[in-house]
Each structure stands twice: as structure tokens, then as C-alpha cells.
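Participant: A single structure is presented below for examination.
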Amino acid sequence: TTKWLLAVITTASHLSCLNPVEISSESREILPSVVGVDHIRPASCFASQTCAGGAPQQSHRRVKIQRVNQRVTPRLYLVEDFASPDEIDHIMRVSEPRLTPSHKGTVTGVRYELPIDGDPILERIRERMMSMFPGLKTRHEPTFRVRKYTNKSFHPPHVDYFESDDGSVLVLTIMLYLHSPDHGGETAFPRANGGKGYAFAPTSGNVAAWWSIYGQGDVRGKPGAMDPRTLHEGRPVQKGIKWNATLFVYADPKQAATVEAASHVHVPV
């Protein structure tokens with residue numbers, strides 16, 4: 001009886017991870033506007049191969065999740081060599097023919113909302129991203145926002161904070177750099193490090209991540225409220241081409257404020 005009950009509980013847990021949701025395809029210029037989500041899932045679900053729909057196993061190694069501003073806020077993180085060359089090539093190959101300008105005369109390059117579900121490679125990348133923040137109860141995020149920036153294109157300053165119609169809030173941004181420009185294209189946070197600023201180099205294969213909300217114990221603001229110090233911009237590409245793929249993570253901001261990043265993440269060899 002005990003073994004049978006344990007099997008039922010385990011199976012139910014896996015099924016809850018796999019439960020699909022209906023999400024609209026509409027999105028905004030800087031932040032996605034997604035509606036129709038009716039439940040949330042623990043971030044630990046994304047670390048399970050079962051949750052990924054049975055994606056093939058890979059050889060992995062542990063890589064440190066670096067807090068780039070350890071003693072000051074906002075909370076910014078860097079993971080080097082997060083994605084393999086094959087994973088990066090896959091994202092760019094699938095997205096390239098579908099890239100379009102956000103609007104006429106845009107300065108923010110071209111983009112595509114890349115569907116994740118049903119593609120084992122993309123599902124593994126999403127799982128890996130979510131495993132960086134264990135304990136975060138998030139809803140199902142269905143797309144990567146892929147952007148390609150050419151000469152002189154950039155992204156204007158903004159904060160990744162958006163309240164969705166379902167009540168969840170964009171609290172976390174995880175950006176994978178796919179292709180490095182020859183010069184320029186940094187993701188810059190002018191208010192970070194006590195106003196001294198910080199900039200992520202757009203190095204292919206690296207991941208930059210940041211919370212858009214105050215964390216628990218931050219004396220500067222209420223936990224879960226928008227943190228204006230996360231204002232950031234994509235600096236102009238001076239030479240070459242820059243690609244990135246971004247996962248926008250929505251959750252309950254109060255719960256998200258209590259979540260800490262893991263110390264390491266397993267990346268493909």
C-alpha cells in the first residue's frame with residue numbers, strides 16, 4: 001500500500017509539471033503581454049527530464065552562477081558557457097527566416113517569438129534557465145524572444161516589469177547571448193553598483209539574468225515591488241551582429257522576492 005501510494009503521488013507530481021496551458025501569441029515591443037494562464041508551477045519542475053517531455057540526456061558539468069554585484073543591489077547574475085554551440089546554432093537557424101521588425105523604423109533590430117514547447121533542445125534550455133532559481137513558483141513560459149541587432153541598432157533604457165492580466169508579474173529576465181558583435185552591444189545597468197553602473201558583455205554562450213523586483217531584506221524598497229535600479233539598455237552595436245534569446249519569467253512578486261539563486265547550474269559539455 002505504501003509503495004502504491006508513493007507511485008501515485010510521484011505520477012501526479014509529474015503530470016502537474018506537464019499540464020499544458022493556453023497562452024496568446026500577442027506581445028509588446030519591450031515586454032511580452034501574455035494572457036490566459038490559469039496556474040503556476042514550481043521552478044524545480046523545470047529541472048526534471050520528465051517535465052521536459054522526455055528530452056534526451058546530455059553530458060553536463062557544473063558551472064558557477066556568479067552574482068556580479070555581491071554586496072550591492074540590484075541582483076544581477078552571470079553564467080559563462082551556459083549553452084553549447086549546437087544549441088545556439090539551433091535557435092538562430094530556426095529563428096532567422098521568421099525575424100521581423102517590431103514596427104517600421106525600429107531601432108531595436110528584428111525579432112521573433114520562438115515557441116519552446118515541442119522542441120527538445122529549446123525545452124532543455126528553458127529547464128536549465130529555471131533551475132538557476134529553485135523554489136520560484138512560475139507559470140508556463142512558452143517562448144523565447146529572439147532578437148538580432150545589426151550595425152547601430154540598440155535597445156532603449158527600460159525596466160523589465162509588467163503586470164499581466166492574470167495577476168502575475170514579470171519579475172525575472174534570463175538572457176542568452178547567441179552571437180557576439182565585434183564591438184558594442186553591451187547590456188548596461190547605469191544605476192547598478194550604487195550608481196557606478198555595470199554592463200554585461202554580449203559573449204556568445206553566456207547568460208545574464210536579473211530580477212526586476214526588490215528582494216527580501218532589501219532596505220531600499222518593499223519586497224516584490226519594482227526595483228528602478230534594474231533600468232537597463234542594449235548599447236548600440238558598433239560593428240558586427242548581435243543575437244540574443246530572452247526568457248521573460250512571470251510569477252507572484254511576493255513569493256519571488258524570497259527566492260535566491262542557486263550556486264551552480266549544470267550545462268552541456
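To be explicit about the labels: the chains of the C-alpha cells are called A, B, and onward in the order shown, and within each one the residues are counted from 1, while ligands get numbers from 1 in the order they are shown.
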Could you give me, as CSV, every segment 114-189 of chain A residue with an atom at most 10 Å from segment 80-97 of chain A, plus its closest atom pair and distance in Å to one decimal, counting only C-alpha atoms, rows ordered by chain then number?
Facilitator:
```
residue,atom,partner,partner_atom,distance
A:Leu114,CA,A:Ser95,CA,6.8
A:Pro115,CA,A:Ser95,CA,9.8
A:Ile121,CA,A:Glu87,CA,6.7
A:Leu122,CA,A:Ile91,CA,7.8
A:Arg124,CA,A:Glu87,CA,9.5
A:Ile125,CA,A:Ala83,CA,7.5
A:Arg128,CA,A:Phe82,CA,8.7
A:Met129,CA,A:Phe82,CA,9.0
A:Phe144,CA,A:Ile91,CA,9.3
A:Arg145,CA,A:Ser95,CA,9.8
A:Val146,CA,A:Ser95,CA,7.2
A:Arg147,CA,A:Ser95,CA,9.0
A:Lys148,CA,A:Glu96,CA,8.7
A:Leu176,CA,A:Phe82,CA,8.0
A:Tyr177,CA,A:Ile88,CA,8.6
A:Leu178,CA,A:Ile88,CA,5.7
A:His179,CA,A:Ile88,CA,8.3
```
Participant: How would the residues just chosen look if you wrote them out with all heavy atoms as a short mmCIF file (atom, residue, chain, number, x, y, z; two decimals), in the first residue's frame?
Facilitator:
```cif
data_model
loop_
_atom_site.label_atom_id
_atom_site.label_comp_id
_atom_site.auth_asym_id
_atom_site.auth_seq_id
_atom_site.Cartn_x
_atom_site.Cartn_y
_atom_site.Cartn_z
N LEU A 114 9.94 32.82 -30.39
CA LEU A 114 10.27 31.44 -30.73
C LEU A 114 9.54 30.47 -29.81
O LEU A 114 9.82 30.42 -28.61
CB LEU A 114 11.79 31.24 -30.62
CG LEU A 114 12.33 29.84 -30.85
CD1 LEU A 114 12.01 29.36 -32.27
CD2 LEU A 114 13.83 29.81 -30.60
N PRO A 115 8.59 29.67 -30.33
CA PRO A 115 7.88 28.70 -29.47
C PRO A 115 8.85 27.65 -28.92
O PRO A 115 9.70 27.13 -29.64
CB PRO A 115 6.87 28.07 -30.42
CG PRO A 115 6.72 29.03 -31.56
CD PRO A 115 8.07 29.66 -31.71
N ILE A 121 15.36 20.60 -27.71
CA ILE A 121 16.54 21.44 -27.47
C ILE A 121 16.14 22.71 -26.72
O ILE A 121 16.77 23.09 -25.72
CB ILE A 121 17.22 21.80 -28.80
CG1 ILE A 121 17.79 20.54 -29.46
CG2 ILE A 121 18.32 22.83 -28.58
CD1 ILE A 121 18.38 20.78 -30.83
N LEU A 122 15.07 23.36 -27.16
CA LEU A 122 14.62 24.58 -26.51
C LEU A 122 14.08 24.30 -25.11
O LEU A 122 14.26 25.10 -24.19
CB LEU A 122 13.55 25.26 -27.36
CG LEU A 122 13.97 25.64 -28.79
CD1 LEU A 122 12.81 26.32 -29.51
CD2 LEU A 122 15.20 26.53 -28.78
N ARG A 124 15.09 21.99 -23.09
CA ARG A 124 16.24 21.78 -22.19
C ARG A 124 16.84 23.11 -21.76
O ARG A 124 17.24 23.29 -20.61
CB ARG A 124 17.30 20.92 -22.87
CG ARG A 124 17.01 19.44 -22.88
CD ARG A 124 18.26 18.63 -23.17
NE ARG A 124 18.84 18.97 -24.47
CZ ARG A 124 18.59 18.28 -25.59
NH1 ARG A 124 17.75 17.26 -25.56
NH2 ARG A 124 19.18 18.61 -26.71
N ILE A 125 16.93 24.05 -22.70
CA ILE A 125 17.50 25.36 -22.36
C ILE A 125 16.60 26.07 -21.35
O ILE A 125 17.09 26.67 -20.37
CB ILE A 125 17.66 26.22 -23.63
CG1 ILE A 125 18.69 25.58 -24.56
CG2 ILE A 125 18.11 27.64 -23.27
CD1 ILE A 125 18.77 26.23 -25.93
N ARG A 128 17.08 24.52 -17.93
CA ARG A 128 18.37 24.93 -17.36
C ARG A 128 18.27 26.35 -16.79
O ARG A 128 18.80 26.63 -15.71
CB ARG A 128 19.43 24.85 -18.45
CG ARG A 128 20.87 24.78 -17.93
CD ARG A 128 21.83 24.69 -19.10
NE ARG A 128 21.41 23.66 -20.04
CZ ARG A 128 21.56 23.75 -21.37
NH1 ARG A 128 22.13 24.81 -21.90
NH2 ARG A 128 21.15 22.77 -22.15
N MET A 129 17.61 27.23 -17.51
CA MET A 129 17.44 28.59 -17.03
C MET A 129 16.66 28.62 -15.72
O MET A 129 17.05 29.28 -14.75
CB MET A 129 16.72 29.44 -18.08
CG MET A 129 17.55 29.80 -19.29
SD MET A 129 16.58 30.77 -20.48
CE MET A 129 17.87 31.33 -21.60
N PHE A 144 10.83 32.01 -26.29
CA PHE A 144 12.00 32.86 -26.17
C PHE A 144 11.80 34.05 -27.11
O PHE A 144 11.35 33.87 -28.24
CB PHE A 144 13.28 32.13 -26.59
CG PHE A 144 13.73 31.07 -25.65
CD1 PHE A 144 13.89 29.76 -26.08
CD2 PHE A 144 14.02 31.37 -24.33
CE1 PHE A 144 14.32 28.77 -25.22
CE2 PHE A 144 14.46 30.39 -23.45
CZ PHE A 144 14.60 29.09 -23.90
N ARG A 145 12.14 35.23 -26.65
CA ARG A 145 12.15 36.37 -27.56
C ARG A 145 13.55 36.48 -28.16
O ARG A 145 14.50 36.84 -27.49
CB ARG A 145 11.79 37.67 -26.85
CG ARG A 145 11.89 38.89 -27.77
CD ARG A 145 11.10 40.07 -27.26
NE ARG A 145 9.68 39.74 -27.21
CZ ARG A 145 8.75 40.56 -26.71
NH1 ARG A 145 9.11 41.73 -26.20
NH2 ARG A 145 7.49 40.21 -26.72
N VAL A 146 13.63 36.16 -29.44
CA VAL A 146 14.91 36.18 -30.14
C VAL A 146 15.05 37.52 -30.86
O VAL A 146 14.13 37.95 -31.56
CB VAL A 146 15.00 35.01 -31.15
CG1 VAL A 146 16.32 35.07 -31.91
CG2 VAL A 146 14.84 33.68 -30.43
N ARG A 147 16.19 38.15 -30.68
CA ARG A 147 16.46 39.42 -31.35
C ARG A 147 17.82 39.37 -32.06
O ARG A 147 18.77 38.77 -31.56
CB ARG A 147 16.46 40.59 -30.36
CG ARG A 147 15.09 41.04 -29.92
CD ARG A 147 15.17 42.35 -29.13
NE ARG A 147 13.88 42.76 -28.64
CZ ARG A 147 13.01 43.52 -29.31
NH1 ARG A 147 13.32 43.93 -30.53
NH2 ARG A 147 11.86 43.86 -28.77
N LYS A 148 17.85 40.04 -33.21
CA LYS A 148 19.08 40.19 -33.97
C LYS A 148 19.31 41.68 -34.19
O LYS A 148 18.43 42.39 -34.70
CB LYS A 148 18.95 39.48 -35.32
CG LYS A 148 20.17 39.63 -36.22
CD LYS A 148 19.93 38.94 -37.57
CE LYS A 148 21.11 39.08 -38.50
NZ LYS A 148 20.85 38.44 -39.82
N LEU A 176 20.09 34.86 -22.98
CA LEU A 176 21.17 34.06 -23.54
C LEU A 176 21.74 34.79 -24.75
O LEU A 176 21.02 35.09 -25.70
CB LEU A 176 20.65 32.68 -23.95
CG LEU A 176 21.60 31.80 -24.77
CD1 LEU A 176 22.87 31.48 -23.99
CD2 LEU A 176 20.88 30.51 -25.20
N TYR A 177 23.04 35.07 -24.71
CA TYR A 177 23.70 35.71 -25.85
C TYR A 177 24.07 34.62 -26.87
O TYR A 177 24.74 33.63 -26.53
CB TYR A 177 24.95 36.46 -25.41
CG TYR A 177 24.65 37.61 -24.48
CD1 TYR A 177 24.96 37.54 -23.12
CD2 TYR A 177 24.05 38.78 -24.96
CE1 TYR A 177 24.68 38.60 -22.27
CE2 TYR A 177 23.76 39.84 -24.12
CZ TYR A 177 24.08 39.74 -22.78
OH TYR A 177 23.79 40.79 -21.92
N LEU A 178 23.65 34.83 -28.10
CA LEU A 178 23.82 33.83 -29.15
C LEU A 178 25.00 34.13 -30.07
O LEU A 178 25.69 33.21 -30.51
CB LEU A 178 22.55 33.73 -29.99
CG LEU A 178 21.25 33.43 -29.23
CD1 LEU A 178 20.05 33.55 -30.17
CD2 LEU A 178 21.30 32.05 -28.60
N HIS A 179 25.20 35.40 -30.37
CA HIS A 179 26.27 35.80 -31.29
C HIS A 179 26.86 37.12 -30.81
O HIS A 179 26.13 38.07 -30.54
CB HIS A 179 25.73 35.94 -32.72
CG HIS A 179 26.80 36.16 -33.75
ND1 HIS A 179 27.33 37.41 -34.02
CD2 HIS A 179 27.44 35.29 -34.58
CE1 HIS A 179 28.24 37.31 -34.97
NE2 HIS A 179 28.33 36.04 -35.33
#
```
Participant: I want to know what sits within 9 Å of Pro228 of chain A, based on only C-alpha atoms, with residues of the same chain fewer than 5 positions away left out; could you give that as a ChimeraX atom specification?
Facilitator: /A:74,159,191,212-213
Participant: Which residues, written as a VMD selection string, have at least one atom at most 8 Å from Thr100 of chain A, with only C-alpha atoms counted and residues fewer than 6 positions away on the same chain left out?
Facilitator: chain A and resid 110 to 112
Participant: Any idea what's packed within 12 Å of Thr73 of chain A, counting only C-alpha atoms, ignoring anything in its chain fewer than 4 positions away? Could you give it as an NGL selection string?
Facilitator: :A and (67-69 or 77 or 189 or 191-198 or 210-221 or 227-230)
Participant: Residues near Pro101 of chain A, anyone? I mean within 12 Å using only C-alpha atoms, not counting same-chain ones fewer than 2 positions away, as a list in words.
Facilitator: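 The contact residues come out as Glu29, Arg98, Leu99, His103, Lys104, Gly105, Thr106, Val107, Thr108, Gly109, Val110, Arg111, Tyr112, Glu113, Val146, Arg147, Lys148, Tyr149, Thr150 and Ser153 of chain A.
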Participant: I need the residues in segment 91-251 of chain A that are strand (DSSP E) according to DSSP; give them as JSON, numbers by chain.
Facilitator: {"A": [100, 101, 110, 111, 112, 113, 114, 115, 137, 138, 143, 144, 145, 146, 147, 148, 149, 155, 156, 157, 158, 169, 170, 171, 172, 173, 174, 175, 176, 177, 178, 179, 183, 184, 187, 188, 189, 198, 199, 200, 207, 208, 209, 210, 211, 232, 233, 234, 237, 238, 239, 242, 243, 244, 245, 246, 247, 248, 249, 250, 251]}
Participant: Could you jot down the atom CA of Gln238 of chain A to atom CA of Gly185 of chain A separation for me, Å, one decimal place?
Facilitator: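 Going from atom CA of Gln238 of chain A over to atom CA of Gly185 of chain A covers 7.3 Å.
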Participant: Find the residue from A:Ile65, A:Met130, A:Leu170, A:Val79 that sits nearest to Val249 of chain A; use only C-alpha atoms when measuring.
Facilitator: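 Of A:Ile65, A:Met130, A:Leu170, A:Val79, the one nearest Val249 of chain A, counting only C-alpha atoms, is A:Leu170.
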